[in-house]
>>> print(open('model.csv').read())   # CSV, C-alpha atoms
chain,number,residue,atom,x,y,z
J,1,MET,CA,93.9,80.0,91.2
J,2,TYR,CA,97.5,79.9,92.3
J,3,LEU,CA,98.5,79.6,95.9
J,4,LEU,CA,101.7,80.2,97.9
J,5,PHE,CA,102.1,78.3,101.1
J,6,LYS,CA,104.6,76.6,103.4
J,7,SER,CA,105.4,73.1,102.2
J,8,VAL,CA,103.1,70.3,103.5
J,9,PRO,CA,102.8,66.6,103.0
J,10,ASP,CA,101.0,65.5,99.9
J,11,ASN,CA,98.1,64.1,101.9
J,12,GLN,CA,97.2,67.7,103.0
J,13,LEU,CA,97.0,69.0,99.4
J,14,GLY,CA,93.9,67.2,98.4
J,15,ILE,CA,93.3,68.2,94.7
J,16,ILE,CA,95.7,71.1,94.8
J,17,ARG,CA,98.5,70.4,92.4
J,18,ARG,CA,102.1,71.3,93.1
J,19,TYR,CA,102.9,73.8,90.4
J,20,GLY,CA,106.3,75.0,91.5
J,21,HIS,CA,108.5,75.6,94.6
J,22,TYR,CA,110.6,78.4,96.1
J,23,LEU,CA,112.7,78.2,99.3
J,24,ASP,CA,110.5,76.4,101.8
J,25,TYR,CA,107.3,77.3,100.0
J,26,VAL,CA,105.1,75.6,97.4
J,27,VAL,CA,103.3,77.2,94.5
J,28,GLY,CA,100.0,75.3,94.2
J,29,TYR,CA,97.3,75.3,91.6
J,30,LEU,CA,93.6,74.9,92.3
J,31,ASP,CA,91.1,75.0,89.4
J,32,ASP,CA,88.8,78.0,89.7
J,33,SER,CA,85.8,75.7,89.1
J,34,VAL,CA,86.2,74.1,92.5
J,35,LYS,CA,87.9,76.8,94.5
J,36,ASP,CA,84.6,77.6,96.4
J,37,VAL,CA,84.1,74.0,97.6
J,38,VAL,CA,87.7,73.0,98.5
J,39,GLU,CA,89.0,73.5,102.0
J,40,ILE,CA,92.3,75.4,101.9
J,41,THR,CA,92.3,77.4,105.2
J,42,HIS,CA,94.7,74.8,106.8
J,43,LEU,CA,97.3,75.9,104.3
J,44,ASN,CA,97.2,79.6,105.3
J,45,ALA,CA,98.0,80.4,101.7
J,46,THR,CA,98.6,83.6,99.9
J,47,VAL,CA,96.7,83.9,96.6
J,48,ILE,CA,98.7,84.8,93.5
J,49,TYR,CA,96.2,86.3,91.1
J,50,SER,CA,98.5,86.5,88.1
J,51,LYS,CA,99.5,83.3,86.2
J,52,SER,CA,102.6,85.1,84.9
J,53,VAL,CA,103.7,85.9,88.4
J,54,ALA,CA,103.0,82.4,89.6
J,55,ASP,CA,105.0,81.0,86.6
J,56,ALA,CA,107.9,83.2,87.7
J,57,TRP,CA,108.8,80.9,90.6
J,58,LYS,CA,111.3,79.3,88.2
J,59,PHE,CA,113.1,82.6,87.6
J,60,ALA,CA,113.2,83.6,91.3
J,61,GLY,CA,116.7,84.5,92.4
J,62,ASN,CA,118.1,84.1,88.9
J,63,TRP,CA,121.3,86.1,88.9
J,64,SER,CA,122.7,84.7,85.6
J,65,GLY,CA,119.9,85.9,83.4
J,66,TYR,CA,119.2,82.4,82.0
J,67,LEU,CA,117.6,79.2,83.0
J,68,SER,CA,118.9,75.7,82.2
J,69,VAL,CA,115.9,73.6,81.5
J,70,ARG,CA,115.5,69.8,81.2
J,71,ALA,CA,112.8,68.0,79.3
J,72,ASN,CA,109.7,66.7,81.1
J,73,THR,CA,110.0,69.2,84.0
J,74,SER,CA,107.5,71.6,85.3
J,75,ALA,CA,109.7,74.5,84.3
J,76,ASP,CA,109.9,73.1,80.7
J,77,GLU,CA,106.1,72.6,80.7
J,78,GLN,CA,105.5,76.2,81.8
J,79,LEU,CA,107.9,77.4,79.1
J,80,ASN,CA,105.8,75.7,76.5
J,81,ASN,CA,108.2,72.8,76.1
J,82,ILE,CA,111.3,74.6,74.8
J,83,VAL,CA,113.2,71.3,75.2
J,84,SER,CA,112.5,69.0,72.2
J,85,SER,CA,110.7,65.8,73.2
J,86,SER,CA,113.4,63.9,71.4
J,87,GLU,CA,116.1,65.2,73.6
J,88,ASP,CA,117.6,63.0,76.4
J,89,GLU,CA,116.2,64.1,79.8
J,90,ALA,CA,119.8,64.7,80.9
J,91,ILE,CA,120.2,67.4,78.2
J,92,LYS,CA,119.7,71.0,79.4
J,93,VAL,CA,118.6,73.9,77.2
J,94,LYS,CA,119.3,77.5,78.1
J,95,TYR,CA,116.4,79.9,78.3
J,96,TYR,CA,117.3,83.6,78.5
J,97,LEU,CA,115.0,85.7,80.7
J,98,THR,CA,113.1,88.5,79.0
J,99,ASP,CA,112.4,91.8,80.7
J,100,GLU,CA,108.9,90.6,81.4
J,101,ASP,CA,110.2,87.4,83.0
J,102,LYS,CA,112.5,89.5,85.3
J,103,ALA,CA,109.6,91.8,86.3
J,104,ASN,CA,107.4,88.9,87.1
J,105,ALA,CA,110.2,87.2,89.0
J,106,VAL,CA,110.6,90.4,91.1
J,107,GLU,CA,106.9,90.5,91.9
J,108,PHE,CA,106.9,86.8,92.8
J,109,MET,CA,109.9,87.2,95.1
J,110,LYS,CA,108.3,90.2,96.8
J,111,THR,CA,105.1,88.2,97.3
J,112,ALA,CA,107.2,85.3,98.8
J,113,MET,CA,109.1,87.6,101.1
J,114,ARG,CA,105.8,89.2,102.3
J,115,LYS,CA,104.4,85.7,102.9
J,116,ILE,CA,107.4,84.6,104.9
J,117,LEU,CA,107.3,87.9,106.9
J,118,ASP,CA,103.6,87.4,107.6
J,119,ASP,CA,104.2,83.8,108.8
J,120,ILE,CA,107.0,84.9,111.1
J,121,TYR,CA,105.2,87.8,112.6
J,122,ASP,CA,102.0,85.8,113.1
J,123,LYS,CA,104.0,83.4,115.2
J,124,ARG,CA,105.5,86.3,117.2
J,125,MET,CA,102.0,87.6,117.8
J,126,GLN,CA,100.9,84.2,119.0
J,127,HIS,CA,103.8,84.1,121.4
J,128,LEU,CA,102.6,87.3,123.0
J,129,ASN,CA,99.3,85.5,123.9
J,130,LEU,CA,100.8,82.2,125.0
J,131,HIS,CA,100.5,82.9,128.7
J,132,ALA,CA,96.8,83.7,128.6
J,133,SER,CA,94.1,81.1,128.8
J,134,SER,CA,90.9,81.3,126.7
J,135,LEU,CA,89.0,82.3,129.8
J,136,GLU,CA,91.4,85.1,130.6
J,137,SER,CA,91.4,86.3,127.0
J,138,ALA,CA,87.6,86.4,126.9
J,139,SER,CA,87.6,89.0,129.7
J,140,TRP,CA,90.4,91.2,128.5
J,141,ASP,CA,88.3,93.8,126.7
J,142,GLU,CA,85.9,94.1,129.7
J,143,GLN,CA,88.9,94.4,132.1
J,144,ARG,CA,90.5,97.1,129.9
J,145,ILE,CA,87.2,99.1,129.6
J,146,GLU,CA,86.5,98.9,133.3
J,147,ALA,CA,90.0,99.8,134.3
J,148,HIS,CA,90.2,102.9,132.2
J,149,ALA,CA,86.7,103.9,133.3
J,150,TYR,CA,87.7,103.4,137.0
J,151,MET,CA,90.9,105.5,136.5
J,152,GLU,CA,88.8,108.4,135.2
J,153,ASN,CA,86.1,108.0,137.9
J,154,ASN,CA,86.6,105.7,140.8
J,155,THR,CA,82.8,105.7,141.6
J,156,VAL,CA,81.7,103.9,138.5
J,157,SER,CA,80.5,100.3,138.6
J,158,VAL,CA,83.2,97.9,137.6
J,159,PRO,CA,81.8,94.4,138.3
J,160,THR,CA,84.5,92.4,136.6
J,161,LEU,CA,87.3,94.2,138.3
J,162,THR,CA,85.5,94.0,141.7
J,163,VAL,CA,85.3,90.2,141.5
J,164,LEU,CA,88.9,89.9,140.3
J,165,ALA,CA,90.2,92.3,143.0
J,166,ALA,CA,88.3,90.3,145.7
J,167,ALA,CA,89.8,87.0,144.4
J,168,ARG,CA,93.3,88.4,144.6
J,169,ASN,CA,92.6,90.1,147.9
J,170,ILE,CA,93.7,93.5,146.6
J,171,THR,CA,92.0,96.9,146.3
J,172,LEU,CA,90.2,98.1,143.2
J,173,ASP,CA,92.8,100.8,142.7
J,174,GLN,CA,95.5,98.1,142.6
J,175,MET,CA,93.5,95.9,140.3
J,176,ALA,CA,92.8,98.7,137.9
J,177,THR,CA,96.5,99.7,137.9
J,178,LYS,CA,97.5,96.1,137.2
J,179,VAL,CA,95.2,95.9,134.2
J,180,VAL,CA,96.2,99.3,132.7
J,181,ASN,CA,99.9,98.4,133.1
J,182,ALA,CA,99.3,95.0,131.4
J,183,VAL,CA,97.4,96.6,128.6
J,184,ASN,CA,100.1,99.2,128.0
J,185,ALA,CA,102.9,96.6,128.0
J,186,TYR,CA,100.9,94.5,125.5
J,187,ASN,CA,100.2,97.4,123.3
J,188,SER,CA,103.9,98.5,123.4
J,189,SER,CA,104.9,94.9,122.4
J,190,ILE,CA,102.4,95.0,119.5
J,191,ALA,CA,103.7,98.4,118.4
J,192,THR,CA,107.3,97.2,118.4
J,193,LEU,CA,106.4,94.2,116.3
J,194,LEU,CA,104.4,96.3,113.9
J,195,ALA,CA,107.1,98.8,113.5
J,196,SER,CA,109.7,96.1,112.8
J,197,LYS,CA,107.5,94.4,110.3
J,198,GLN,CA,106.7,97.6,108.5
J,199,GLN,CA,110.4,98.4,108.2
J,200,VAL,CA,111.0,95.2,106.3
J,201,GLU,CA,107.8,95.6,104.2
J,202,SER,CA,109.2,99.0,103.1
J,203,GLU,CA,112.5,97.4,102.1
J,204,ILE,CA,110.5,94.8,100.1
J,205,LYS,CA,108.5,97.5,98.3
J,206,ASN,CA,111.8,99.2,97.3
J,207,CYS,CA,113.2,96.1,95.6
J,208,LEU,CA,113.2,96.8,91.8
J,209,THR,CA,115.3,93.9,90.5
J,210,ILE,CA,116.1,90.3,91.2
J,211,ALA,CA,119.4,91.4,92.5
J,212,ASP,CA,117.7,93.7,95.0
J,213,CYS,CA,115.5,90.8,96.2
J,214,ASN,CA,118.5,88.5,96.5
J,215,THR,CA,120.3,91.2,98.6
J,216,LEU,CA,117.3,91.6,100.9
J,217,LEU,CA,117.0,87.8,101.3
J,218,HIS,CA,120.7,87.6,102.1
J,219,ASN,CA,120.7,90.4,104.7
J,220,ARG,CA,117.3,89.9,106.3
J,221,TYR,CA,116.0,86.4,105.6
J,222,GLY,CA,119.1,84.3,105.9
J,223,TYR,CA,119.1,83.0,102.3
J,224,THR,CA,122.5,83.2,100.7
J,225,MET,CA,122.6,85.2,97.5
J,226,PRO,CA,124.4,83.8,94.4
J,227,TYR,CA,128.2,83.8,94.9
J,228,ALA,CA,128.8,85.8,91.7
J,229,GLN,CA,126.5,88.5,93.0
J,230,GLN,CA,128.4,88.6,96.3
J,231,GLU,CA,131.6,89.0,94.5
J,232,GLN,CA,130.3,91.8,92.3
J,233,LEU,CA,128.8,93.7,95.3
J,234,GLY,CA,131.9,93.0,97.5
J,235,ILE,CA,129.7,91.3,100.1
J,236,THR,CA,131.7,89.1,102.5
J,237,SER,CA,129.3,88.8,105.4
J,238,PRO,CA,127.3,85.5,105.6
J,239,ALA,CA,123.5,85.5,105.2
J,240,ALA,CA,121.7,86.4,108.4
J,241,VAL,CA,118.2,86.5,109.7
J,242,ASN,CA,117.3,90.0,110.9
J,243,LEU,CA,113.5,90.3,110.9
>>> encode(input="model.csv", output="structure tokens")
Amino acid sequence: MYLLFKSVPDNQLGIIRRYGHYLDYVVGYLDDSVKDVVEITHLNATVIYSKSVADAWKFAGNWSGYLSVRANTSADEQLNNIVSSSEDEAIKVKYYLTDEDKANAVEFMKTAMRKILDDIYDKRMQHLNLHASSLESASWDEQRIEAHAYMENNTVSVPTLTVLAAARNITLDQMATKVVNAVNAYNSSIATLLASKQQVESEIKNCLTIADCNTLLHNRYGYTMPYAQQEQLGITSPAAVNL
């Protein structure tokens, strides 16, 4: 099983082996025979189900169409040792990407972009809830249900709102209004986040080539595309984060 996760210290990997790396992320390998007994939830990892896609970390972002490989590296190992074992480790051998390599690289880069996007928006979601204690959060659903019920019929029993209104020394009408307004504001924030995320997800889906992925990473994720690609496309603006 191959995993994609934000880089962590070695002591958090356990028996997971570093298989490759891309940007700030690690491609890890965990043997299927132990995947059900090894704790990996702390890594918040995305599973890459295809070995070919996991292998394509080494092709990600490759604008030149070839890879310079040294002996005794993970890239050389995954390319079935194209560098002769007799070669000096300083010697590089060029490996030219096949169409399949390029397709796998695109799929890997799209997986990585979705992973980065998920991590960013999960944090933004957490920020929306920072001001609420666990005790307050536990009563949100009941407050919402009672508030909407009270707005429709102010004779219904609303025990939670009654207690909260008394504690704040306000009327039930005022309390119900506060709750409904808070719920609407929260839902609006969630909808805004979701719409922004889905826009980027749509752009990821539309990436067909490594060059497309590089462009999206440059314009949205703040990772500079290869200079040769910038020249060819006439791009002069610096990489920017716009997620």
>>> residues_around(input="model.csv", residues="range 74-78 of chain J", least_positions_apart="6", cutoff="8 Å", atoms="all atoms listed in the file", output="list in words")
Tyr19, Gly20, Asp55 and Lys58 of chain J
>>> closest_residue(input="model.csv", among="J:Ile116, J:Ile40, J:Leu128, J:Val53", to="Ala185 in chain J", atoms="all atoms listed in the file")
J:Leu128
>>> residues_around(input="model.csv", residues="Ser237 in chain J", least_positions_apart="5", cutoff="12 Å", atoms="only C-alpha atoms", output="PyMOL selection string")
chain J and resi 215+218-219+222+224-225+227+230-231
>>> atom_distance(input="model.csv", atom1="CA of Ala60 in chain J", atom2="CA of Ile16 in chain J")
21.8 Å
>>> residues_near_point(input="model.csv", point="(119.7, 80.8, 109.7)", cutoff="12 Å", atoms="all atoms listed in the file", output="PyMOL selection string")
chain J and resi 217-224+238-243
>>> closest_residue(input="model.csv", among="J:Ile204, J:Val47, J:Met1, J:Ala228", to="Val34 in chain J", atoms="all atoms listed in the file")
J:Met1
>>> residues_around(input="model.csv", residues="range 125-127 of chain J", least_positions_apart="4", cutoff="9 Å", atoms="all atoms listed in the file", output="ChimeraX atom specification")
/J:120-121,131,190,193
>>> residues_around(input="model.csv", residues="range 152-165 of chain J", least_positions_apart="2", cutoff="10 Å", atoms="all atoms listed in the file", output="JSON, numbers by chain")
{"J": [139, 142, 143, 144, 145, 146, 147, 148, 149, 150, 167, 168, 169, 170, 171, 172, 173, 174, 175, 176, 179]}
>>> atom_distance(input="model.csv", atom1="CA of Phe5 in chain J", atom2="CA of Gly28 in chain J")
7.8 Å
>>> atom_distance(input="model.csv", atom1="CA of Ser7 in chain J", atom2="CA of Val26 in chain J")
5.4 Å
